[in-house]
Structure formats: C-alpha cells, structure tokens
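K.L.:
Structure: final-v1.txt, compact mmCIF, C-alpha atoms.
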```txt
# COMPACT_ATOMS: atom_id res chain seq x y z
CA MET A 1 0.14 31.93 20.89
CA GLN A 2 0.61 28.44 22.29
CA LYS A 3 -2.86 28.51 23.84
CA LEU A 4 -4.34 29.80 20.59
CA ALA A 5 -2.64 27.02 18.61
CA VAL A 6 -3.85 24.34 21.01
CA GLY A 7 -7.31 25.88 20.95
CA ALA A 8 -7.40 25.89 17.16
CA ILE A 9 -6.38 22.23 16.95
CA LEU A 10 -8.89 21.26 19.63
CA ALA A 11 -11.71 23.20 17.96
CA THR A 12 -11.00 21.53 14.65
CA ALA A 13 -10.87 18.12 16.32
CA LEU A 14 -14.25 18.76 17.93
CA MET A 15 -15.77 19.66 14.59
CA ALA A 16 -13.98 16.82 12.83
CA SER A 17 -14.90 14.11 15.31
CA PRO A 18 -18.10 12.95 13.54
CA CYS A 19 -16.16 12.53 10.29
CA LEU A 20 -13.40 10.57 12.00
CA ASN A 21 -15.75 7.84 13.07
CA ALA A 22 -18.57 7.88 10.54
CA GLN A 23 -18.55 7.26 6.80
CA ASN A 24 -14.86 6.59 6.12
CA LEU A 25 -14.49 3.15 4.55
CA THR A 26 -11.43 0.95 4.60
CA LEU A 27 -9.86 -0.96 1.70
CA GLU A 28 -12.34 -3.76 2.45
CA GLY A 29 -15.40 -1.54 2.93
CA GLN A 30 -15.66 -1.24 6.72
CA THR A 31 -15.62 2.03 8.62
CA GLY A 32 -12.12 2.74 9.89
CA GLY A 33 -8.68 3.77 8.68
CA PHE A 34 -7.13 2.86 5.35
CA ILE A 35 -6.80 -0.85 6.20
CA THR A 36 -8.01 -1.30 9.79
CA PRO A 37 -11.62 -1.32 11.09
CA THR A 38 -12.59 0.77 14.10
CA ALA A 39 -15.33 0.48 16.73
CA TYR A 40 -17.56 2.87 14.79
CA VAL A 41 -20.19 2.26 12.11
CA VAL A 42 -21.72 4.24 9.24
CA TYR A 43 -23.46 7.25 10.78
CA SER A 44 -27.26 7.32 11.11
CA ALA A 45 -28.95 10.68 11.64
CA LYS A 46 -30.75 11.41 14.91
CA LYS A 47 -33.99 9.40 15.31
CA GLN A 48 -33.19 7.48 12.11
CA PHE A 49 -32.67 3.71 12.14
CA PHE A 50 -31.13 3.44 8.66
CA SER A 51 -28.14 5.47 7.60
CA HIS A 52 -27.63 7.07 4.24
CA PRO A 53 -25.45 4.55 2.38
CA ALA A 54 -21.72 5.15 2.22
CA ILE A 55 -19.76 4.24 -0.88
CA GLY A 56 -16.01 3.95 -1.26
CA TYR A 57 -13.32 3.47 -3.85
CA HIS A 58 -9.70 2.51 -3.09
CA PHE A 59 -6.70 2.06 -5.36
CA VAL A 60 -3.38 0.42 -4.48
CA ASN A 61 -0.49 0.67 -6.95
CA SER A 62 1.46 -2.59 -6.69
CA SER A 63 1.97 -3.16 -10.41
CA LYS A 64 5.57 -4.44 -10.25
CA VAL A 65 4.59 -7.95 -9.12
CA ILE A 66 1.23 -8.29 -7.36
CA GLY A 67 -0.69 -6.03 -9.73
CA ASN A 68 -2.88 -2.99 -9.13
CA LEU A 69 -5.94 -3.28 -6.90
CA HIS A 70 -9.23 -1.40 -7.19
CA THR A 71 -11.98 -1.88 -4.60
CA PHE A 72 -15.57 -0.63 -4.89
CA SER A 73 -17.56 -0.66 -1.64
CA ILE A 74 -21.02 0.10 -0.30
CA ALA A 75 -22.01 0.05 3.38
CA GLU A 76 -25.23 0.63 5.31
CA GLY A 77 -25.50 1.52 8.98
CA PHE A 78 -28.26 0.77 11.49
CA ALA A 79 -29.03 3.12 14.40
CA ASN A 80 -25.33 3.80 15.00
CA ARG A 81 -25.05 0.27 16.38
CA ALA A 82 -24.36 -1.94 13.36
CA GLU A 83 -23.37 -1.96 9.70
CA VAL A 84 -23.13 -4.36 6.77
CA GLY A 85 -21.26 -3.92 3.53
CA TYR A 86 -20.09 -5.41 0.26
CA THR A 87 -16.86 -4.80 -1.67
CA ARG A 88 -15.79 -5.95 -5.10
CA SER A 89 -12.02 -6.18 -5.32
CA VAL A 90 -10.84 -5.80 -8.92
CA HIS A 91 -7.30 -6.87 -9.84
CA GLN A 92 -5.04 -5.90 -12.73
CA ASP A 93 -2.12 -8.18 -13.68
CA GLY A 94 1.39 -7.26 -12.55
CA ASN A 95 4.53 -6.85 -14.65
CA SER A 96 6.80 -9.62 -13.33
CA ALA A 97 7.33 -12.50 -15.76
CA ALA A 98 8.57 -14.68 -12.90
CA PHE A 99 5.94 -14.15 -10.19
CA SER A 100 2.92 -12.10 -11.37
CA GLY A 101 1.23 -15.30 -12.56
CA LEU A 102 0.38 -15.98 -8.91
CA TRP A 103 -2.15 -13.13 -9.21
CA HIS A 104 -3.51 -13.59 -12.76
CA TYR A 105 -7.14 -13.43 -11.62
CA SER A 106 -9.82 -10.77 -11.85
CA GLY A 107 -10.41 -10.29 -8.12
CA MET A 108 -12.73 -11.45 -5.34
CA ASN A 109 -15.88 -10.58 -3.38
CA ILE A 110 -15.76 -9.25 0.18
CA PHE A 111 -18.69 -9.18 2.64
CA ASN A 112 -18.47 -7.55 6.06
CA GLY A 113 -20.53 -6.75 9.12
CA LYS A 114 -19.98 -5.08 12.47
CA VAL A 115 -21.89 -4.53 15.74
CA VAL A 116 -21.02 -1.90 18.36
CA ALA A 117 -21.27 -3.36 21.87
CA ILE A 118 -20.14 -0.21 23.73
CA LYS A 119 -20.24 3.26 22.20
CA ASP A 120 -17.26 5.57 22.62
CA GLY A 121 -17.94 7.68 25.73
CA GLN A 122 -20.86 5.53 26.90
CA GLY A 123 -21.25 5.96 30.68
CA SER A 124 -17.96 7.85 31.06
CA PRO A 125 -15.80 10.20 28.95
CA PHE A 126 -12.96 7.70 29.34
CA THR A 127 -14.90 4.70 28.00
CA PRO A 128 -13.63 3.52 24.61
CA GLY A 129 -15.88 2.13 21.92
CA VAL A 130 -15.91 -1.65 21.53
CA ALA A 131 -17.17 -3.46 18.43
CA ALA A 132 -17.07 -6.95 16.98
CA GLY A 133 -17.20 -7.78 13.30
CA PHE A 134 -16.50 -10.23 10.52
CA VAL A 135 -15.14 -10.29 6.97
CA VAL A 136 -15.79 -13.05 4.41
CA ARG A 137 -13.85 -13.19 1.12
CA THR A 138 -15.03 -15.47 -1.68
CA GLY A 139 -13.50 -16.38 -5.02
CA ASP A 140 -9.91 -15.93 -3.79
CA HIS A 141 -7.60 -17.67 -6.31
CA PHE A 142 -4.52 -15.61 -5.43
CA VAL A 143 -1.22 -17.41 -4.66
CA SER A 144 -2.62 -20.57 -3.03
CA GLY A 145 -5.02 -21.37 -5.88
CA ALA A 146 -2.56 -20.31 -8.57
CA ILE A 147 0.23 -22.56 -7.22
CA GLY A 148 -2.12 -25.52 -6.94
CA LYS A 149 -3.18 -25.06 -10.56
CA ALA A 150 0.42 -24.65 -11.78
CA LEU A 151 1.40 -27.94 -10.12
CA GLY A 152 -1.37 -29.87 -11.84
CA GLY A 153 -4.15 -29.53 -9.29
CA PRO A 154 -7.56 -27.89 -9.66
CA ASP A 155 -7.93 -24.14 -10.08
CA LYS A 156 -9.35 -23.77 -6.58
CA ALA A 157 -11.08 -20.63 -5.37
CA TYR A 158 -10.70 -20.26 -1.60
CA THR A 159 -13.08 -18.70 0.89
CA ASN A 160 -11.41 -17.06 3.86
CA GLY A 161 -12.34 -14.59 6.52
CA ASP A 162 -11.75 -12.68 9.74
CA VAL A 163 -13.55 -12.43 13.06
CA TYR A 164 -12.38 -9.42 15.05
CA VAL A 165 -12.81 -7.15 18.05
CA ALA A 166 -11.82 -3.47 17.86
CA VAL A 167 -11.39 -0.98 20.72
CA THR A 168 -11.37 2.68 19.66
CA LYS A 169 -11.11 5.97 21.52
CA THR A 170 -11.52 9.50 20.20
CA TRP A 171 -9.98 11.96 22.70
CA LEU A 172 -10.81 15.62 22.14
CA HIS A 173 -8.88 17.34 24.91
CA ALA A 174 -5.69 19.35 25.13
CA PRO A 175 -2.80 19.09 24.72
CA LEU A 176 -3.30 16.66 21.83
CA PRO A 177 -6.58 15.31 20.43
CA PHE A 178 -6.35 11.92 18.78
CA LEU A 179 -8.14 8.80 17.60
CA ALA A 180 -6.52 5.54 18.75
CA ASN A 181 -7.54 2.07 17.65
CA LEU A 182 -6.40 -1.40 18.71
CA GLY A 183 -7.88 -4.75 17.80
CA TRP A 184 -7.45 -8.50 17.53
CA LYS A 185 -8.65 -10.75 14.75
CA ALA A 186 -8.68 -14.45 14.02
CA THR A 187 -8.00 -14.92 10.31
CA ASN A 188 -7.10 -17.53 7.72
CA ALA A 189 -6.18 -14.99 5.03
CA SER A 190 -2.73 -13.66 4.14
CA ILE A 191 -2.58 -9.92 3.40
CA TYR A 192 -6.38 -9.60 3.28
CA GLY A 193 -6.61 -12.57 0.91
CA ILE A 194 -4.28 -10.91 -1.61
CA GLY A 195 -1.50 -13.15 -0.32
CA GLY A 196 -3.71 -16.22 -0.55
CA GLN A 197 -4.99 -18.66 2.05
CA ALA A 198 -3.14 -18.87 5.35
CA THR A 199 -2.08 -22.33 6.48
CA ARG A 200 -4.29 -22.10 9.56
CA PHE A 201 -6.82 -19.91 11.39
CA GLY A 202 -4.82 -17.78 13.84
CA GLY A 203 -4.90 -14.62 15.92
CA ARG A 204 -3.33 -11.35 14.75
CA LEU A 205 -3.18 -7.80 16.15
CA PHE A 206 -4.05 -4.60 14.30
CA GLY A 207 -4.28 -0.94 15.21
CA GLY A 208 -3.81 2.68 14.22
CA LEU A 209 -3.48 6.28 15.37
CA GLY A 210 -4.77 9.51 13.81
CA ILE A 211 -4.36 13.15 14.84
CA PRO A 212 -6.80 15.80 13.46
CA ILE A 213 -5.38 19.22 12.60
CA PRO A 214 -6.95 22.32 10.96
CA GLY A 215 -7.17 22.46 7.17
CA PRO A 216 -8.15 25.11 4.62
CA CYS A 217 -11.64 25.58 3.17
CA HIS A 218 -13.46 24.14 6.20
CA THR A 219 -11.59 20.83 6.12
CA ALA A 220 -9.82 18.69 8.69
CA ILE A 221 -6.53 16.98 7.86
CA VAL A 222 -5.81 13.75 9.73
CA PRO A 223 -2.33 12.21 9.49
CA ALA A 224 -2.62 8.55 10.49
CA ALA A 225 -0.73 5.29 10.65
CA GLY A 226 -1.98 1.72 10.89
CA PHE A 227 -0.65 -1.83 11.14
CA THR A 228 -1.90 -5.38 10.71
CA GLN A 229 0.06 -8.47 11.67
CA GLU A 230 0.01 -11.12 8.95
CA PRO A 231 0.03 -14.93 9.09
CA PRO A 232 3.65 -16.05 8.57
CA THR A 233 3.04 -17.85 5.26
CA SER A 234 0.42 -18.96 2.72
CA LYS A 235 -0.95 -22.36 1.77
CA ASN A 236 0.98 -24.05 -1.09
CA LEU A 237 3.67 -21.36 -1.02
CA ASN A 238 6.19 -23.82 0.44
CA LEU A 239 5.84 -25.94 -2.72
CA ILE A 240 7.73 -23.39 -4.82
CA LEU A 241 10.29 -22.25 -2.24
CA PHE A 242 13.93 -23.31 -1.97
CA PRO A 243 15.06 -25.34 -0.16
CA PRO A 244 12.03 -27.64 -0.69
CA GLY A 245 9.50 -27.25 2.07
CA GLY A 246 10.89 -23.84 3.01
CA ARG A 247 8.68 -21.30 4.69
CA ALA A 248 7.95 -17.79 3.46
CA HIS A 249 8.13 -14.75 5.71
CA LEU A 250 5.25 -12.28 5.42
CA PRO A 251 5.94 -9.15 7.49
CA THR A 252 3.45 -6.92 9.28
CA THR A 253 1.50 -4.72 6.86
CA LEU A 254 1.91 -1.00 7.59
CA ASP A 255 0.22 2.08 6.17
CA TYR A 256 0.97 5.78 6.55
CA ALA A 257 -1.84 7.95 5.23
CA VAL A 258 -3.34 11.43 5.35
CA ARG A 259 -7.11 11.88 5.38
CA VAL A 260 -8.81 15.09 4.23
CA THR A 261 -12.46 15.54 5.12
CA GLN A 262 -15.09 18.15 6.00
CA LYS A 263 -15.28 19.64 9.47
CA ASP A 264 -19.05 20.13 9.57
CA ASN A 265 -21.62 17.48 8.60
CA PRO A 266 -19.00 15.53 6.65
CA HIS A 267 -20.01 13.70 3.52
CA PHE A 268 -16.66 12.81 2.02
CA ALA A 269 -13.19 11.66 3.02
CA PHE A 270 -10.12 11.39 0.80
CA ASP A 271 -7.13 9.26 1.82
CA ILE A 272 -3.68 9.11 0.27
CA GLY A 273 -0.66 7.33 1.65
CA VAL A 274 2.08 4.75 1.41
CA GLY A 275 1.82 1.10 2.38
CA GLN A 276 4.54 -1.36 3.33
CA VAL A 277 3.38 -4.84 2.39
CA ALA A 278 6.04 -7.39 1.46
CA GLY A 279 9.47 -7.46 -0.17
CA GLN A 280 11.66 -10.53 -0.29
CA ILE A 281 9.77 -13.42 1.30
CA GLY A 282 12.12 -16.31 0.45
CA TYR A 283 13.93 -18.06 -2.42
CA THR A 284 12.92 -20.30 -5.29
CA ALA A 285 14.79 -22.51 -7.78
CA VAL A 286 14.33 -21.76 -11.48
CA PRO A 287 15.29 -24.35 -14.19
CA THR A 288 18.03 -23.15 -16.56
CA GLY A 289 17.36 -25.62 -19.37
CA ILE A 290 20.96 -26.84 -19.36
CA ALA A 291 22.73 -29.71 -17.61
CA ASN A 292 25.11 -27.65 -15.51
CA PRO A 293 23.73 -25.97 -13.55
CA PRO A 294 20.22 -27.44 -13.90
CA TYR A 295 18.69 -24.58 -11.93
CA VAL A 296 19.54 -21.27 -10.27
CA VAL A 297 18.25 -19.95 -6.96
CA ILE A 298 16.64 -16.51 -7.08
CA PRO A 299 14.91 -14.40 -4.42
CA VAL A 300 11.12 -14.22 -4.33
CA ASN A 301 10.65 -10.47 -4.10
CA LEU A 302 7.13 -9.07 -4.25
CA GLN A 303 8.48 -5.50 -4.57
CA ALA A 304 5.66 -4.12 -2.43
CA ARG A 305 7.53 -2.57 0.48
CA LYS A 306 6.55 0.87 -0.76
CA VAL A 307 3.20 1.08 -2.57
CA LEU A 308 0.94 4.07 -3.17
CA GLY A 309 -2.66 3.90 -2.01
CA MET A 310 -5.61 6.27 -2.44
CA GLY A 311 -9.21 6.13 -1.28
CA LEU A 312 -12.40 8.14 -1.48
CA SER A 313 -15.49 7.62 0.69
CA VAL A 314 -18.81 9.41 0.23
CA ARG A 315 -21.93 9.37 2.41
CA TYR A 316 -25.14 10.60 0.83
```
Produce structure tokens that represent the structure in this file.
P.N.:
Amino acid sequence: MQKLAVGAILATALMASPCLNAQNLTLEGQTGGFITPTAYVVYSAKKQFFSHPAIGYHFVNSSKVIGNLHTFSIAEGFANRAEVGYTRSVHQDGNSAAFSGLWHYSGMNIFNGKVVAIKDGQGSPFTPGVAAGFVVRTGDHFVSGAIGKALGGPDKAYTNGDVYVAVTKTWLHAPLPFLANLGWKATNASIYGIGGQATRFGGRLFGGLGIPIPGPCHTAIVPAAGFTQEPPTSKNLNLILFPPGGRAHLPTTLDYAVRVTQKDNPHFAFDIGVGQVAGQIGYTAVPTGIANPPYVVIPVNLQARKVLGMGLSVRY
C-alpha cells in the first residue's frame, strides 16, 4: 500500500509538472506561485516560438484598512526562454476612517519581463532552472504619495520596481516530489508597491515550496507556501509616526495557498489561500481637539495579518 501511495503521488506529479511551471500567473502577472516568480515562463508548444497568451485574475481581501485588490494580467511567452506581461492593479477603498486614506487611489500599472538562462534539468537531472527578470510599477500613489499630499506637498505618483534572480527545481522522484523556489531581488517598493515607495533600493529574499498530490476529475492539487522579505519601512511614513521620526516595521510577507489545476495539457489553475502581510507597524499621535491632552497615541494597525486571496490563470 505504501508503494502504491508513493506511486500514485509520483504519477500525478509527473503529469502535473507542465502545469506547475507553465501558465500559472502571480499576483503581479509573472509565472510562479501566488506572489513569487519562478524560473519558468509561459509555455510555448513544441516548435512554436510564441506561446498562447496566458491571462490571470487575482483578488486579495484586505478591506479593513488597505482595501481590496483586484489584478488583471496578460503574459506572452517566447520559445520557453522568455516572457513579458502587463497587469492592471485595481484598488477599492478600505473601511478605516483613521488610515484607509493612505490608499484612496484607483490602482497602478505593472509591467514585467523574464529570461530563462538555464532550464530546469538542462545538462543534468539535478540542474535547477535559473531566470532573471524585472518588474516596473507606475502610478503608485499609495502611502508615500498620500502622506506627501496630506502634509501639503504634491500628489506624487511614484515609479518603483524590482530586478530579481530566481532558482527553481521541480523534483519528480520518490519519496516526495516537490517544486522548490528561491530568489533574490533588489527593490525599492514596499509590499509590491501597495505599501508605497521604500526609502532605498535594497536586496530582499523570496521563495516558496509546493507539493503536488492527486486530485479528483483529472486534477492535481498543489499545497504551497511562499515568502517575500520586505523593506523595513516606506518613504514619508516616518512623518506620521510617534515619536516623531520613528520608523515603521514591515514584516516578511507570507502566503499559504492551494492550487488546483489539470494533470494533462493544463489550461487553467485556480489558487486560494491566506496571506500574512502586516499588522501593527508603529504608533501615531492623533489630535483630540482639547487642551488636555492635546493628542492621544494610537497604534497604526493595518489589520492585514490574515487576508484571503484567490487567483485564476488561463492559457489559451
């Protein structure tokens, strides 16, 4: 029975492997997990230079403070060696009277590209895939722009981005098949630009792990987890913190998701999971309107340590 169970999991992993590394788009429109890019690109059929386009939709429920996020993505692959994509991130206002004003903007544009330098398994079964890519976000008013405007400055829209390298390995052997991903990026964006502009361009780690298991109706089910280190604070955020000049603390972003996709010739992938983004990041002083006390100190809590996320990717 143990051998049969291992064999069933391995067989499913073998059939699921193309879907693990092909059309699945991240929150920002790159191939990968829910939030992290991998060293794979949108799949192009044999002897075809252009892929069929992949489209994706993601939703993150963070309505308490940040506001809900909807992203609409399209990506095109080239000969299984490169891809480019565009994502429109659409934002809905949050429900916090104190802090949601930092995100009272419609969203931003996201452009991305990736090139595979070494394919997974190239030259040796143990060789991981290696890819390099970039992300550019334009029209980002969140947090940094909103604070500048509130303090009498211009309503500035920031442009920020990432340059990254990802190393990914799909291992399809007993006792446990898996897909592991680890990468490094240089970024000047906090929480993918949702947290505003970082104070500097700095290096951060990201990664993830997924394990394919058999599913009903010719599907594969892939439990997965991912992480992305975040810059410690955002530009202008210190201007509203207490004590004056204080520094916020933005923790590592985590996601725990389950992907359901087809085993054979996959054309869709559905993700659902929970993300841990940010809770209390510091304190701020709020005027009371009376002489004594003139202000009270309250925590700045983004209430996003447990948010629901869903995504759907389709390749034609």
K.L.:
One decimal, in Å: what's the spacing between CA of Gly245 (chain A) and CA of Phe99 (chain A)?
P.N.:
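It comes out at 18.3 Å.
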K.L.:
Using only C-alpha atoms, pick whichever of A:Ile290, A:Leu308, A:Ala285, A:Val300 has the shortest atom-to-atom distance to His249 (chain A).
P.N.:
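Residue with the minimum atom-to-atom distance to His249 (chain A): A:Val300.
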K.L.:
Can you tell me, as a list in words, what residues are no more than 6 Å from region 193-198 of chain A when counting all atoms listed in the file, ignoring any on the same chain fewer than 2 positions away?
P.N.:
Phe142, Val143, Ser144, Asn188, Ala189, Ser190, Ile191, Arg200, Ser234 and Lys235 of chain A
K.L.:
For Leu205 (chain A), which residue among A:Thr26, A:Thr261, A:Ser73, A:Thr36 is the nearest when counting only C-alpha atoms?
P.N.:
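Comparing A:Thr26, A:Thr261, A:Ser73, A:Thr36 against Leu205 (chain A), the winner is A:Thr36.
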K.L.:
Do a neighbour search on Val274 (chain A) at 6 Å with only C-alpha atoms, toss out local chain neighbours closer than 2 positions, and write the hits as a VMD selection string.
P.N.:
chain A and resid 255 to 256 307 to 309
K.L.:
I'd like the contact shell of region 156-169 of chain A - 9 Å cut-off, only C-alpha atoms, skipping same-chain residues fewer than 4 positions apart - returned as a ChimeraX atom specification.
P.N.:
/A:37-40,110,120-121,126-142,144-146,148-149,178-189,192-193,196-198,201,206-207
K.L.:
List as a list in words: which residues have an atom within 7 Å of (-1.8, -14.7, -11.7), counting all atoms listed in the file?
P.N.:
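Neighbouring residues, ordered by chain and number, come to Asp93, Ser100, Gly101, Leu102, Trp103, His104, Tyr105, Phe142 and Ala146 of chain A.
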K.L.:
Pick the closest to Val314 (chain A) from A:Leu151, A:Ile298, A:Ala174, A:Ala75: which is it, counting all atoms listed in the file?
P.N.:
A:Ala75
K.L.:
Of the candidates A:Gly67, A:Ala82, A:Ser44, A:Ile272, which shows the shortest atom-to-atom distance to Gln30 (chain A), using only C-alpha atoms?
P.N.:
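Nearest candidate to Gln30 (chain A) out of A:Gly67, A:Ala82, A:Ser44, A:Ile272: A:Ala82.
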K.L.:
What would region 198-224 of chain A look like with N, CA and C atoms in place, written as a compact mmCIF listing (two decimals), in the coordinates of the input?
P.N.:
```txt
# COMPACT_ATOMS: atom_id res chain seq x y z
N ALA A 198 -4.09 -18.53 4.30
CA ALA A 198 -3.14 -18.87 5.35
C ALA A 198 -3.20 -20.37 5.63
N THR A 199 -2.14 -20.89 6.21
CA THR A 199 -2.08 -22.33 6.48
C THR A 199 -2.97 -22.74 7.64
N ARG A 200 -3.41 -21.78 8.44
CA ARG A 200 -4.29 -22.10 9.56
C ARG A 200 -5.05 -20.84 9.98
N PHE A 201 -6.05 -21.01 10.81
CA PHE A 201 -6.82 -19.91 11.39
C PHE A 201 -6.10 -19.47 12.66
N GLY A 202 -5.61 -18.23 12.70
CA GLY A 202 -4.82 -17.78 13.84
C GLY A 202 -5.09 -16.35 14.21
N GLY A 203 -4.67 -15.97 15.40
CA GLY A 203 -4.90 -14.62 15.92
C GLY A 203 -3.81 -13.64 15.50
N ARG A 204 -4.23 -12.42 15.16
CA ARG A 204 -3.33 -11.35 14.75
C ARG A 204 -3.80 -10.03 15.37
N LEU A 205 -2.86 -9.12 15.64
CA LEU A 205 -3.18 -7.80 16.15
C LEU A 205 -3.23 -6.77 15.02
N PHE A 206 -4.04 -5.73 15.22
CA PHE A 206 -4.05 -4.60 14.30
C PHE A 206 -4.32 -3.33 15.09
N GLY A 207 -4.03 -2.18 14.51
CA GLY A 207 -4.28 -0.94 15.21
C GLY A 207 -3.92 0.26 14.36
N GLY A 208 -4.13 1.46 14.94
CA GLY A 208 -3.81 2.68 14.22
C GLY A 208 -3.96 3.89 15.12
N LEU A 209 -3.43 5.02 14.64
CA LEU A 209 -3.48 6.28 15.37
C LEU A 209 -3.64 7.42 14.37
N GLY A 210 -4.58 8.33 14.64
CA GLY A 210 -4.77 9.51 13.81
C GLY A 210 -4.85 10.75 14.66
N ILE A 211 -4.36 11.88 14.12
CA ILE A 211 -4.36 13.15 14.84
C ILE A 211 -4.99 14.22 13.95
N PRO A 212 -6.16 14.77 14.30
CA PRO A 212 -6.80 15.80 13.46
C PRO A 212 -6.16 17.16 13.66
N ILE A 213 -5.92 17.87 12.55
CA ILE A 213 -5.38 19.22 12.60
C ILE A 213 -6.19 20.10 11.65
N PRO A 214 -6.14 21.44 11.82
CA PRO A 214 -6.95 22.32 10.96
C PRO A 214 -6.50 22.25 9.52
N GLY A 215 -7.45 22.41 8.60
CA GLY A 215 -7.17 22.46 7.17
C GLY A 215 -7.87 23.63 6.53
N PRO A 216 -7.50 23.99 5.31
CA PRO A 216 -8.15 25.11 4.62
C PRO A 216 -9.53 24.74 4.13
N CYS A 217 -10.31 25.76 3.82
CA CYS A 217 -11.64 25.58 3.17
C CYS A 217 -12.54 24.67 3.99
N HIS A 218 -12.56 24.87 5.30
CA HIS A 218 -13.46 24.14 6.20
C HIS A 218 -13.20 22.63 6.18
N THR A 219 -11.95 22.25 6.11
CA THR A 219 -11.59 20.83 6.12
C THR A 219 -10.79 20.50 7.37
N ALA A 220 -10.72 19.22 7.65
CA ALA A 220 -9.82 18.69 8.69
C ALA A 220 -8.84 17.75 8.00
N ILE A 221 -7.58 17.82 8.40
CA ILE A 221 -6.53 16.98 7.86
C ILE A 221 -6.07 16.04 8.97
N VAL A 222 -6.08 14.75 8.69
CA VAL A 222 -5.81 13.75 9.73
C VAL A 222 -4.64 12.85 9.29
N PRO A 223 -3.42 13.17 9.70
CA PRO A 223 -2.33 12.21 9.49
C PRO A 223 -2.57 10.97 10.34
N ALA A 224 -2.32 9.79 9.77
CA ALA A 224 -2.62 8.55 10.49
C ALA A 224 -1.66 7.45 10.07
```
